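Written out below as structure tokens is the structure these notes cover.
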Amino acid sequence: MVGSLRRTAIAVLLVAGGAGHRAPPVHAAGGPFQAYRFDDQFPASATVSAANAPSSARLGEPLVWRDFKSQAETTWRLLRGRMGFRQGDLIVKGEGSSPVLLSPKEADIDWGQYEALRIRMLAEGGQEIKIKIGDLELKQPLAPPREYQVYRFELNMEAPRGSRPVAIMPTDSLTDLVAISFIELVPRKTDFQQPAGRRNLGKQDEYRNTLYVHSLSSVAFEVLVPAGGRLHVGLGLAEKDKPVTFRIRAGASVLFSRTVNSADLWEDAAVDLSSFAGRRIKLAFETQSAHPGAVGLWANPLLTTRLEKNRFNVLIYMIDTLRADHTSLYGYARDTTPFLKKLGDRGVVFDDCHAQATWTKASTASLFTSVYSFTHGIINDYDLIPRGAATLAEQLRAAGYVTASMVANPFAGKTTGLQRGFDYMMEFPVVHRFRTEAADRGTDSAALNQALAGWLEKHRDEPFFLYAHATDPHAPYRPPAGFEEKFANPAETAEFDRDYARLRDKRQYGGGTVVSRANCAQSGIDAGRFIQRAIDRYDGEILHNDRSLELLVDKLRQLGVLDNTLIVVVSDHGEEFWEHGWTAHGHSLYQELTHTLFLMWNPKLLPSPRRVTEPVQLIDVMPTVLDLLEVKAPALVQGQSLAALARGGPFRRRGPVMTSRFAHPGARPSGFVPENRTGTFALLDANWKLIYRDKAKEAGIEEVELYDRRTDRRDSKNLAASQPAVATRMRGEIGRWIEAQRKVSQLLGPSGKTSLDPKTVEQLRSLGYLGGKQ
């Protein structure tokens with residue numbers, strides 16, 4: 001025995017006929033399978049022995065930028081002043097104003113994970129150094145001139161969390177030079193104050209729910225083992241150089257033992273418990289270490305069964321930036337989605353689905369919460385979903401599903417608050433570790449498949465909800481070999497890449513490079529040739545993503561879980577190719593950006609294939625999935641279940657199909673895209689679409705546009721002047737909707753769970769501002 005023990009009787013043991021707390025059964029006869037989550041049953045159903053050794057540990061590595069050699073190799077951006085390089089130092093100098101550096105655009109920083117920012121530098125003059133992160137502004141006096149010093153800024157940004165850029169003003173001098181040796185983010189320490197407890201922790205961007213214990217430890221549970229019983233658990237260390245041995249016992253028998261030496265990764269383990277089927281056993285999770293008090297991590301410990309389960313798995317597959325009308329599933333002339341077309345022939349396809357926002361962060365937040373984008377209020381890259389919003393993952397986890405998210409776009413992860421409810425949250429670096437430039441070029445769906453395959457092989461015996469997010473059809477349009485030549489001429493790729501790079505302007509905002517025909521002319525680029533080459537390569541990326549999805553579905557078949565899996569395929573928004581004067585996305589609410597893919601497949605749940613022409617929206621996905629699975633929806637959802645509609649039943653739309661965008665927070669009067677200076681709303685039904693802009697006059701564009709959707713799905717002919725009665729009616733509906741959404745936003749709150757008054761909820765639902773089942 002190593003180290004001192006403090007034995008803490010957390011709860012009475014579960015014994016047949018005994019009093020006290022009872023855990024839910026692992027399998028209810030005739031009912032849906034319910035796995036046993038040991039972490040959820042802690043501490044109520046556990047008996048704990050663990051060392052009383054409070055500790056803390058840094059669970060991440062410092063993020064450091066150093067060895068600045070050239071402009072091409074430097075990711076920090078110059079906001080003001082001049083930049084140069086000298087012997088590995090980054091040289092900045094004011095030019096009529098103090099110099100300012102901005103953190104790399106690609107650096108997606110969750111400031112809640114870091115306790116300090118350190119900068120080693122020399123200043124030739126000035127009085128102070130200042131940093132700014134959102135509303136947080138910190139400053140320190142400068143050291144004497146020409147002396148290197150490390151400046152440490154304590155961040156204390158536990159809340160609000162999120163990703164946002166940091167601006168550094170290394171000197172307030174307008175003329176003096178500064179030499180920066182390094183910029184470092186210091187990871188925050190995680191406290192482990194109790195002998196044993198729960199934490200959500202990450203290793204190399206893979207986050208899991210854990211039971212932490214100070215060694216020497218034992219955490220014991222009494223459980224009824226189902227037929228085909230199987231225990232799955234991840235193992236991890238909190239600190240480097242403190243190995244821990246993990247053991248699992250059933251009574252006196254050691255079923256599993258492994259020593260973990262690396263603190264960098266999770267190690268997964270599976271234990272066969274089938275020999276104990278039908279018996280109630282005492283299962284003990286034990287740790288031991290030569291370092292007294294060393295912290296061991298049991299990640300997502302779960303008791304499940306290999307036997308068939310009376311419930312469906314769920315796969316939601318998101319294809320980022322895929323406009324529906326560029327898929328053969330939706331009638332595109334090019335066969336860009338042969339697999340989706342085959343899947344659609346056997347499933348339910350919604351022909352007229354619309355996103356609630358035309359950029360990923362806000363749109364995906366609406367998908368997961370069933371809340372309009374205007375209502376959840378995400379505007380900035382660093383905003384989070386409201387605490388009062390419930391997520392689809394939270395609902396399914398509470399219903400007994402093992403939940404996992406694997407995303408190739410950071411906006412679909414922790415930086416938006418979308419880790420909530422997921423047992424496994426695998427951020428985009430997890431996917432990117434499987435990518436190679438030579439094979440994947442600008443795509444990631446093949447790499448995503450590799451990461452997903454490993455997870456599925458380990459968890460196929462568990463009822464799962466898996467969210468997968470690929471970003472293939474996205475600027476700068478670089479499909480892999482074998483797919484590029486399907487629609488493009490590879491001999492033209494080098495020239496297209498050069499043209500694209502010339503047109504890129506880091507001051508522009510939008511998804512990808514936002515350019516117009518005029519930009520091409522000003523740069524001496526043939527506009528027609530450029531846009532056609534972009535479309536050709538975009539279509540090649542769609543084809544590649546379609547093939548990757550086919551291979552993923554084949555993997556589900558190989559693992560024997562396909563027939564029992566509900567597959568939902570969606571896109572978060574579209575992409576513009578000058579239909580209304582611009583490229584990319586996020587800047588308008590026209591059809592090419594709002595119209596998204598939405599397909600559902602499972603012959604058991606949805607036995608009759610059909611195409612649905614009724615207008616629907618992405619906030620309908622959450623209540624529809626819950627309804628199909630017979631899982632209760634939360635009180636505050638704004639979409640409606642489409643389950644009856646998908647099965648050919650009656651459907652009445654209660655709330656509006658509505659898309660919106662906020663004015664861009666960085667928009668300027670002389671900005672590149674006028675619409676970025678105004679908030680915009682789009683209301684549509686089967687016949688009409690009205691676009692309203694609340695600051696149209698300031699932006700210098702039309703306030704109201706009206707389109708006849710029966711003859712004009714491209715939003716090409718504005719009928720507002722010739723149809724004033726329709727325009728006035730729909731404009732009034734938008735106004736009333738905006739006022740109602742402000743009330744719903746108050747219910748959601750900026751933070752904290754808000755209790756909803758039943759009368760208020762029912763009133764909002766009666767007005768069509770809350771959804772759920774029919």
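Starting from 1 in every chain, residues are counted up; chains themselves are A, B, ... following the order of the structure tokens, and ligands are numbered from 1 as listed.
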Closest atom pairs, region 624-692 of chain A residues within 12 Å of region 570-580 of chain A, only C-alpha atoms, as JSON lines:
{"residue": "A:Thr659", "atom": "CA", "partner": "A:His573", "partner_atom": "CA", "distance": 10.9}
{"residue": "A:Val673", "atom": "CA", "partner": "A:His580", "partner_atom": "CA", "distance": 11.5}
{"residue": "A:Glu675", "atom": "CA", "partner": "A:His580", "partner_atom": "CA", "distance": 11.5}
Please write the residues from the selection above to a file, keeping N, CA and C atoms, as an mmCIF file, in the first residue's frame.
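Okay, selection13.cif is ready:
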data_model
loop_
_atom_site.group_PDB
_atom_site.id
_atom_site.type_symbol
_atom_site.label_atom_id
_atom_site.label_comp_id
_atom_site.auth_asym_id
_atom_site.auth_seq_id
_atom_site.Cartn_x
_atom_site.Cartn_y
_atom_site.Cartn_z
ATOM 1 N N THR A 659 -34.792 33.360 -41.263
ATOM 2 C CA THR A 659 -33.333 33.436 -41.262
ATOM 3 C C THR A 659 -32.946 34.873 -40.941
ATOM 4 N N VAL A 673 -18.384 45.219 -48.164
ATOM 5 C CA VAL A 673 -19.701 44.652 -48.450
ATOM 6 C C VAL A 673 -20.755 45.496 -47.731
ATOM 7 N N GLU A 675 -23.901 45.267 -47.122
ATOM 8 C CA GLU A 675 -24.873 44.598 -46.258
ATOM 9 C C GLU A 675 -24.306 44.252 -44.886
#
**Prompt:** region 30-166 of chain A: which residues are strand (DSSP E or B) by DSSP, as a VMD selection string?
**Reply:** chain A and resid 33 36 to 37 47 to 50 55 to 58 63 to 66 77 to 80 82 to 86 89 to 93 100 to 102 110 114 to 123 128 to 133 136 to 141 149 to 154 163 166
**Message:** Could you list, as number ranges by chain, every residue within 8 Å of region 266-269 of chain A, counting only C-alpha atoms and ignoring same-chain residues fewer than 3 positions away?
**Reply:** A: 203, 232-236, 260, 263
**Long-range neighbours of Glu394 (chain A) as a ChimeraX atom specification, 8 Å cut-off, only C-alpha atoms, 5 positions minimum in chain** = /A:420-422
Any chance you could export the current selection's C-alpha atoms as an mmCIF file, in the first residue's frame?
data_model
loop_
_atom_site.group_PDB
_atom_site.id
_atom_site.type_symbol
_atom_site.label_atom_id
_atom_site.label_comp_id
_atom_site.auth_asym_id
_atom_site.auth_seq_id
_atom_site.Cartn_x
_atom_site.Cartn_y
_atom_site.Cartn_z
ATOM 1 C CA ARG A 420 -22.406 20.551 -23.726
ATOM 2 C CA GLY A 421 -23.909 17.085 -23.472
ATOM 3 C CA PHE A 422 -21.090 15.296 -25.269
#
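Checking A:Glu206, A:Ser516, A:His595, A:Arg146 one by one against Phe428 (chain A), counting only C-alpha atoms, you find the shortest gap at A:Glu206.
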Please provide the set of residues having any atom within 12 Å of Gly735 (chain A), restricted to only C-alpha atoms, with same-chain residues fewer than 5 positions apart removed, written as a PDB file with all heavy atoms, in the first residue's frame.
ATOM      1  N   THR A 680     -30.188  41.952 -41.051  1.00  0.00           N
ATOM      2  CA  THR A 680     -31.068  41.516 -42.135  1.00  0.00           C
ATOM      3  C   THR A 680     -31.913  40.342 -41.664  1.00  0.00           C
ATOM      4  O   THR A 680     -31.439  39.487 -40.923  1.00  0.00           O
ATOM      5  CB  THR A 680     -30.241  41.094 -43.369  1.00  0.00           C
ATOM      6  OG1 THR A 680     -29.300  42.113 -43.685  1.00  0.00           O
ATOM      7  CG2 THR A 680     -31.141  40.868 -44.575  1.00  0.00           C
ATOM      8  N   PHE A 681     -33.176  40.326 -42.118  1.00  0.00           N
ATOM      9  CA  PHE A 681     -34.116  39.271 -41.758  1.00  0.00           C
ATOM     10  C   PHE A 681     -34.787  38.766 -43.031  1.00  0.00           C
ATOM     11  O   PHE A 681     -35.128  39.560 -43.912  1.00  0.00           O
ATOM     12  CB  PHE A 681     -35.184  39.797 -40.789  1.00  0.00           C
ATOM     13  CG  PHE A 681     -34.616  40.408 -39.548  1.00  0.00           C
ATOM     14  CD1 PHE A 681     -34.204  41.735 -39.530  1.00  0.00           C
ATOM     15  CD2 PHE A 681     -34.482  39.665 -38.390  1.00  0.00           C
ATOM     16  CE1 PHE A 681     -33.667  42.303 -38.393  1.00  0.00           C
ATOM     17  CE2 PHE A 681     -33.947  40.223 -37.247  1.00  0.00           C
ATOM     18  CZ  PHE A 681     -33.534  41.543 -37.244  1.00  0.00           C
ATOM     19  N   ALA A 682     -34.998  37.457 -43.111  1.00  0.00           N
ATOM     20  CA  ALA A 682     -35.690  36.868 -44.259  1.00  0.00           C
ATOM     21  C   ALA A 682     -36.797  35.953 -43.752  1.00  0.00           C
ATOM     22  O   ALA A 682     -36.543  35.008 -42.999  1.00  0.00           O
ATOM     23  CB  ALA A 682     -34.723  36.087 -45.135  1.00  0.00           C
ATOM     24  N   LEU A 683     -38.028  36.249 -44.150  1.00  0.00           N
ATOM     25  CA  LEU A 683     -39.204  35.459 -43.810  1.00  0.00           C
ATOM     26  C   LEU A 683     -39.725  34.818 -45.086  1.00  0.00           C
ATOM     27  O   LEU A 683     -39.871  35.500 -46.113  1.00  0.00           O
ATOM     28  CB  LEU A 683     -40.280  36.361 -43.203  1.00  0.00           C
ATOM     29  CG  LEU A 683     -41.682  35.758 -43.026  1.00  0.00           C
ATOM     30  CD1 LEU A 683     -41.657  34.632 -42.009  1.00  0.00           C
ATOM     31  CD2 LEU A 683     -42.673  36.848 -42.606  1.00  0.00           C
ATOM     32  N   TYR A 692     -35.848  41.953 -45.146  1.00  0.00           N
ATOM     33  CA  TYR A 692     -35.944  43.270 -44.508  1.00  0.00           C
ATOM     34  C   TYR A 692     -34.603  43.611 -43.859  1.00  0.00           C
ATOM     35  O   TYR A 692     -33.995  42.776 -43.187  1.00  0.00           O
ATOM     36  CB  TYR A 692     -37.044  43.270 -43.450  1.00  0.00           C
ATOM     37  CG  TYR A 692     -36.951  44.428 -42.479  1.00  0.00           C
ATOM     38  CD1 TYR A 692     -37.178  45.739 -42.901  1.00  0.00           C
ATOM     39  CD2 TYR A 692     -36.610  44.208 -41.145  1.00  0.00           C
ATOM     40  CE1 TYR A 692     -37.063  46.805 -42.015  1.00  0.00           C
ATOM     41  CE2 TYR A 692     -36.500  45.256 -40.254  1.00  0.00           C
ATOM     42  CZ  TYR A 692     -36.735  46.551 -40.690  1.00  0.00           C
ATOM     43  OH  TYR A 692     -36.609  47.600 -39.814  1.00  0.00           O
ATOM     44  N   ARG A 693     -34.154  44.858 -44.056  1.00  0.00           N
ATOM     45  CA  ARG A 693     -32.893  45.337 -43.483  1.00  0.00           C
ATOM     46  C   ARG A 693     -33.180  46.517 -42.563  1.00  0.00           C
ATOM     47  O   ARG A 693     -33.776  47.506 -42.979  1.00  0.00           O
ATOM     48  CB  ARG A 693     -31.920  45.738 -44.588  1.00  0.00           C
ATOM     49  CG  ARG A 693     -31.606  44.603 -45.562  1.00  0.00           C
ATOM     50  CD  ARG A 693     -30.660  45.046 -46.666  1.00  0.00           C
ATOM     51  NE  ARG A 693     -30.320  43.935 -47.559  1.00  0.00           N
ATOM     52  CZ  ARG A 693     -30.959  43.661 -48.686  1.00  0.00           C
ATOM     53  NH1 ARG A 693     -31.991  44.423 -49.075  1.00  0.00           N
ATOM     54  NH2 ARG A 693     -30.603  42.642 -49.432  1.00  0.00           N
ATOM     55  N   ASP A 694     -32.735  46.398 -41.303  1.00  0.00           N
ATOM     56  CA  ASP A 694     -33.091  47.421 -40.325  1.00  0.00           C
ATOM     57  C   ASP A 694     -32.265  48.700 -40.428  1.00  0.00           C
ATOM     58  O   ASP A 694     -32.658  49.740 -39.898  1.00  0.00           O
ATOM     59  CB  ASP A 694     -33.035  46.859 -38.903  1.00  0.00           C
ATOM     60  CG  ASP A 694     -31.656  46.336 -38.515  1.00  0.00           C
ATOM     61  OD1 ASP A 694     -30.701  46.479 -39.315  1.00  0.00           O
ATOM     62  OD2 ASP A 694     -31.523  45.773 -37.409  1.00  0.00           O
ATOM     63  N   THR A 728     -46.137  44.645 -47.104  1.00  0.00           N
ATOM     64  CA  THR A 728     -46.517  45.261 -45.831  1.00  0.00           C
ATOM     65  C   THR A 728     -46.907  44.204 -44.799  1.00  0.00           C
ATOM     66  O   THR A 728     -46.524  44.272 -43.625  1.00  0.00           O
ATOM     67  CB  THR A 728     -47.691  46.239 -46.055  1.00  0.00           C
ATOM     68  OG1 THR A 728     -47.285  47.261 -46.959  1.00  0.00           O
ATOM     69  CG2 THR A 728     -48.120  46.878 -44.737  1.00  0.00           C
ATOM     70  N   ARG A 729     -47.677  43.205 -45.253  1.00  0.00           N
ATOM     71  CA  ARG A 729     -48.085  42.143 -44.327  1.00  0.00           C
ATOM     72  C   ARG A 729     -46.876  41.399 -43.764  1.00  0.00           C
ATOM     73  O   ARG A 729     -46.758  41.200 -42.549  1.00  0.00           O
ATOM     74  CB  ARG A 729     -49.008  41.163 -45.053  1.00  0.00           C
ATOM     75  CG  ARG A 729     -49.334  39.906 -44.222  1.00  0.00           C
ATOM     76  CD  ARG A 729     -50.228  38.941 -44.975  1.00  0.00           C
ATOM     77  NE  ARG A 729     -49.632  38.439 -46.204  1.00  0.00           N
ATOM     78  CZ  ARG A 729     -48.755  37.426 -46.235  1.00  0.00           C
ATOM     79  NH1 ARG A 729     -48.342  36.847 -45.108  1.00  0.00           N
ATOM     80  NH2 ARG A 729     -48.285  37.004 -47.399  1.00  0.00           N
ATOM     81  N   MET A 730     -45.953  41.001 -44.640  1.00  0.00           N
ATOM     82  CA  MET A 730     -44.807  40.215 -44.187  1.00  0.00           C
ATOM     83  C   MET A 730     -43.836  41.060 -43.368  1.00  0.00           C
ATOM     84  O   MET A 730     -43.226  40.574 -42.414  1.00  0.00           O
ATOM     85  CB  MET A 730     -44.105  39.572 -45.389  1.00  0.00           C
ATOM     86  CG  MET A 730     -44.995  38.567 -46.122  1.00  0.00           C
ATOM     87  SD  MET A 730     -44.156  37.702 -47.478  1.00  0.00           S
ATOM     88  CE  MET A 730     -43.119  36.553 -46.566  1.00  0.00           C
ATOM     89  N   ALA A 740     -41.079  39.399 -30.206  1.00  0.00           N
ATOM     90  CA  ALA A 740     -41.260  38.149 -29.465  1.00  0.00           C
ATOM     91  C   ALA A 740     -39.924  37.487 -29.166  1.00  0.00           C
ATOM     92  O   ALA A 740     -39.718  36.943 -28.070  1.00  0.00           O
ATOM     93  CB  ALA A 740     -42.159  37.202 -30.257  1.00  0.00           C
ATOM     94  N   GLN A 741     -39.004  37.525 -30.117  1.00  0.00           N
ATOM     95  CA  GLN A 741     -37.700  36.885 -29.900  1.00  0.00           C
ATOM     96  C   GLN A 741     -36.914  37.566 -28.790  1.00  0.00           C
ATOM     97  O   GLN A 741     -36.144  36.916 -28.085  1.00  0.00           O
ATOM     98  CB  GLN A 741     -36.896  36.870 -31.197  1.00  0.00           C
ATOM     99  CG  GLN A 741     -37.504  36.032 -32.311  1.00  0.00           C
ATOM    100  CD  GLN A 741     -37.981  34.679 -31.837  1.00  0.00           C
ATOM    101  OE1 GLN A 741     -37.208  33.880 -31.307  1.00  0.00           O
ATOM    102  NE2 GLN A 741     -39.270  34.415 -32.007  1.00  0.00           N
ATOM    103  N   ARG A 742     -37.103  38.852 -28.629  1.00  0.00           N
ATOM    104  CA  ARG A 742     -36.421  39.546 -27.523  1.00  0.00           C
ATOM    105  C   ARG A 742     -36.892  39.011 -26.176  1.00  0.00           C
ATOM    106  O   ARG A 742     -36.114  38.913 -25.225  1.00  0.00           O
ATOM    107  CB  ARG A 742     -36.645  41.045 -27.649  1.00  0.00           C
ATOM    108  CG  ARG A 742     -35.850  41.654 -28.801  1.00  0.00           C
ATOM    109  CD  ARG A 742     -36.131  43.113 -29.015  1.00  0.00           C
ATOM    110  NE  ARG A 742     -35.253  43.640 -30.080  1.00  0.00           N
ATOM    111  CZ  ARG A 742     -35.590  44.604 -30.920  1.00  0.00           C
ATOM    112  NH1 ARG A 742     -36.783  45.171 -30.828  1.00  0.00           N
ATOM    113  NH2 ARG A 742     -34.746  45.009 -31.849  1.00  0.00           N
TER     114      ARG A 742
END
**Message:** Just want the 12 Å neighbourhood of Glu437 (chain A), counted on only C-alpha atoms, with same-chain residues fewer than 3 positions away dropped. Output as number ranges by chain.
**Reply:** A: 432-434, 440-444, 446-447, 478-481
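Taking CA of Glu184 (chain A) and CA of Pro99 (chain A) as endpoints, the distance between them is 19.2 Å.
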**Item:** Of the listed residues A:Leu237, A:Leu322, A:Ala727, A:Ala643, that which approaches Tyr538 (chain A) most closely, counting only C-alpha atoms
**Value:** A:Leu322
**Item:** Best match for closeness to Gly679 (chain A) among A:His469, A:Lys632, A:His587, A:Lys361, counting only C-alpha atoms
**Value:**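 Looking only at the distances to Gly679 (chain A), the closest residue turns out to be A:His587.
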**Residue neighbourhood Glu484 (chain A), 10 Å, only C-alpha atoms, exclusion window fewer than 4 positions, as number ranges by chain** = A: 477-480, 488-490, 493, 536-541, 543-544
Residue subset to file, keeping N, CA, C and O atoms, as a short mmCIF file (atom, residue, chain, number, x, y, z; two decimals), in the first residue's frame:
data_model
loop_
_atom_site.label_atom_id
_atom_site.label_comp_id
_atom_site.auth_asym_id
_atom_site.auth_seq_id
_atom_site.Cartn_x
_atom_site.Cartn_y
_atom_site.Cartn_z
N TYR A 477 -11.16 26.09 -52.19
CA TYR A 477 -11.54 25.19 -53.29
C TYR A 477 -10.33 24.42 -53.84
O TYR A 477 -9.83 24.70 -54.92
N ARG A 478 -9.91 23.41 -53.07
CA ARG A 478 -8.74 22.61 -53.46
C ARG A 478 -9.07 21.13 -53.31
O ARG A 478 -8.65 20.48 -52.36
N PRO A 479 -9.85 20.54 -54.25
CA PRO A 479 -10.20 19.13 -54.15
C PRO A 479 -8.98 18.23 -54.37
O PRO A 479 -8.03 18.61 -55.07
N PRO A 480 -9.00 17.03 -53.81
CA PRO A 480 -7.86 16.11 -53.99
C PRO A 480 -7.77 15.60 -55.43
O PRO A 480 -8.74 15.66 -56.19
N ALA A 488 -12.84 20.06 -63.26
CA ALA A 488 -11.87 21.13 -63.48
C ALA A 488 -10.69 20.61 -64.28
O ALA A 488 -10.46 19.40 -64.38
N ASN A 489 -9.92 21.54 -64.82
CA ASN A 489 -8.70 21.20 -65.54
C ASN A 489 -7.51 21.38 -64.59
O ASN A 489 -7.18 22.51 -64.23
N PRO A 490 -6.88 20.29 -64.13
CA PRO A 490 -5.77 20.42 -63.18
C PRO A 490 -4.63 21.30 -63.70
O PRO A 490 -3.90 21.89 -62.89
N THR A 493 -4.85 24.74 -62.28
CA THR A 493 -4.94 24.91 -60.83
C THR A 493 -3.93 25.90 -60.29
O THR A 493 -4.25 26.73 -59.43
N ASP A 536 -15.95 24.97 -60.50
CA ASP A 536 -15.50 23.63 -60.88
C ASP A 536 -14.82 22.92 -59.72
O ASP A 536 -15.05 21.72 -59.48
N ARG A 537 -14.00 23.64 -58.98
CA ARG A 537 -13.28 23.04 -57.87
C ARG A 537 -14.17 22.84 -56.65
O ARG A 537 -14.03 21.85 -55.92
N TYR A 538 -15.09 23.75 -56.43
CA TYR A 538 -16.10 23.59 -55.38
C TYR A 538 -16.90 22.32 -55.62
O TYR A 538 -17.12 21.51 -54.71
N ASP A 539 -17.32 22.10 -56.86
CA ASP A 539 -18.08 20.90 -57.19
C ASP A 539 -17.24 19.63 -56.99
O ASP A 539 -17.75 18.59 -56.56
N GLY A 540 -15.96 19.72 -57.29
CA GLY A 540 -15.08 18.57 -57.06
C GLY A 540 -14.96 18.24 -55.58
O GLY A 540 -14.90 17.06 -55.19
N GLU A 541 -14.97 19.26 -54.73
CA GLU A 541 -14.92 19.02 -53.28
C GLU A 541 -16.22 18.38 -52.79
O GLU A 541 -16.21 17.53 -51.89
N LEU A 543 -18.11 16.36 -54.55
CA LEU A 543 -18.02 14.96 -54.96
C LEU A 543 -17.14 14.16 -54.01
O LEU A 543 -17.47 13.02 -53.65
N HIS A 544 -16.03 14.75 -53.60
CA HIS A 544 -15.13 14.07 -52.66
C HIS A 544 -15.83 13.82 -51.33
O HIS A 544 -15.73 12.73 -50.74
#
**Message:** Given only C-alpha atoms as the basis, pick out the residue of A:Arg198, A:Arg164, A:Arg120, A:Arg77 nearest to Asp135 (chain A).
**Reply:** A:Arg164
